[in-house]
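Here the structure comes first, spelled out in structure tokens, and everything after it is commentary.
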Amino acid sequence: MSASSSDNDVCADTADVRINVCKSACLIILSRRIFSRSIVPLFAKELESDPAAARKFAEEALAGLAFILLVLTAIAEIAMPWLMLIMAPGFTDDTEKFDLAVVLTRIAFPYLLLVSLSALIAGVLNGLR
């Protein structure tokens, strides 16, 4: 096997792991829809009665969600090698593939934090309409 075909195999296998991570992200995106659909009615109800209370509600929801997501993201970033054992157990045989998968997943994982926060903000903005 030549070096270039070995590199291609590593990239192809790593792409498979990224696809699995993207599938997990799709589940989180679905949950963000549910989250935004639950926040919008509560925010709109508060907005009708007291705009200041609605603003406070939105700020507290954003602060709470950001805190929880930051903690979970930090834990996931630290524990990524162990999480990768669960997401891609076949990579333990090849340390190069495993290390690359860990690095790429660490790079992509904070996206979930950002997309969740943007869902909350979108829900608040929809409530303002």
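Please note that chains go A, B, ... in the order of the structure tokens, that every chain numbers its residues from 1, and that ligands are numbered from 1 in the order shown.
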
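Residues with any atom within 12 Å of Phe57 (chain A), counting only C-alpha atoms and excluding same-chain neighbours fewer than 4 positions away, are Ile39, Val40, Leu42, Phe43, Ala44, Lys45, Glu46, Leu47, Asp50, Pro51, Ala52, Ala53, Ala61, Leu62, Ala63, Gly64, Leu120 and Val124 of chain A.
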
**Message:** I want to know what sits within 7 Å of region 72-80 of chain A, based on only C-alpha atoms, with residues of the same chain fewer than 4 positions away left out; could you give that as a list in words?
**Reply:** Ile68, Met84, Val102, Arg106 and Pro110 of chain A

File dump, residues just selected, all heavy atoms, as a PDB file, in the first residue's frame:
```
ATOM      1  N   ILE A  68     -25.140  26.008  30.697  1.00  0.00           N
ATOM      2  CA  ILE A  68     -25.245  24.548  30.580  1.00  0.00           C
ATOM      3  C   ILE A  68     -24.480  24.043  29.362  1.00  0.00           C
ATOM      4  O   ILE A  68     -23.736  23.063  29.437  1.00  0.00           O
ATOM      5  CB  ILE A  68     -26.726  24.124  30.519  1.00  0.00           C
ATOM      6  CG1 ILE A  68     -27.386  24.356  31.876  1.00  0.00           C
ATOM      7  CG2 ILE A  68     -26.876  22.664  30.092  1.00  0.00           C
ATOM      8  CD1 ILE A  68     -28.894  24.248  31.858  1.00  0.00           C
ATOM      9  N   MET A  84     -14.965   9.365  21.634  1.00  0.00           N
ATOM     10  CA  MET A  84     -14.661   8.820  20.316  1.00  0.00           C
ATOM     11  C   MET A  84     -14.633   7.297  20.355  1.00  0.00           C
ATOM     12  O   MET A  84     -14.962   6.641  19.361  1.00  0.00           O
ATOM     13  CB  MET A  84     -13.323   9.379  19.816  1.00  0.00           C
ATOM     14  CG  MET A  84     -13.065   9.132  18.361  1.00  0.00           C
ATOM     15  SD  MET A  84     -14.377   9.703  17.261  1.00  0.00           S
ATOM     16  CE  MET A  84     -14.404  11.430  17.606  1.00  0.00           C
ATOM     17  N   VAL A 102     -10.396  12.454  16.727  1.00  0.00           N
ATOM     18  CA  VAL A 102     -10.548  13.219  17.971  1.00  0.00           C
ATOM     19  C   VAL A 102     -10.352  14.706  17.702  1.00  0.00           C
ATOM     20  O   VAL A 102     -11.150  15.548  18.137  1.00  0.00           O
ATOM     21  CB  VAL A 102      -9.573  12.710  19.051  1.00  0.00           C
ATOM     22  CG1 VAL A 102      -9.509  13.669  20.231  1.00  0.00           C
ATOM     23  CG2 VAL A 102      -9.968  11.322  19.523  1.00  0.00           C
ATOM     24  N   ARG A 106     -13.236  17.552  17.974  1.00  0.00           N
ATOM     25  CA  ARG A 106     -13.046  18.677  18.903  1.00  0.00           C
ATOM     26  C   ARG A 106     -13.229  20.016  18.187  1.00  0.00           C
ATOM     27  O   ARG A 106     -13.732  20.969  18.772  1.00  0.00           O
ATOM     28  CB  ARG A 106     -11.666  18.626  19.536  1.00  0.00           C
ATOM     29  CG  ARG A 106     -11.568  17.660  20.674  1.00  0.00           C
ATOM     30  CD  ARG A 106     -10.209  17.659  21.301  1.00  0.00           C
ATOM     31  NE  ARG A 106     -10.213  16.892  22.536  1.00  0.00           N
ATOM     32  CZ  ARG A 106      -9.130  16.403  23.082  1.00  0.00           C
ATOM     33  NH1 ARG A 106      -7.935  16.612  22.540  1.00  0.00           N
ATOM     34  NH2 ARG A 106      -9.207  15.718  24.209  1.00  0.00           N
ATOM     35  N   PRO A 110     -18.004  22.482  19.093  1.00  0.00           N
ATOM     36  CA  PRO A 110     -18.583  23.746  19.567  1.00  0.00           C
ATOM     37  C   PRO A 110     -19.699  24.287  18.665  1.00  0.00           C
ATOM     38  O   PRO A 110     -20.462  25.151  19.094  1.00  0.00           O
ATOM     39  CB  PRO A 110     -17.391  24.699  19.603  1.00  0.00           C
ATOM     40  CG  PRO A 110     -16.223  23.811  19.810  1.00  0.00           C
ATOM     41  CD  PRO A 110     -16.546  22.565  19.037  1.00  0.00           C
TER      42      PRO A 110
END
```
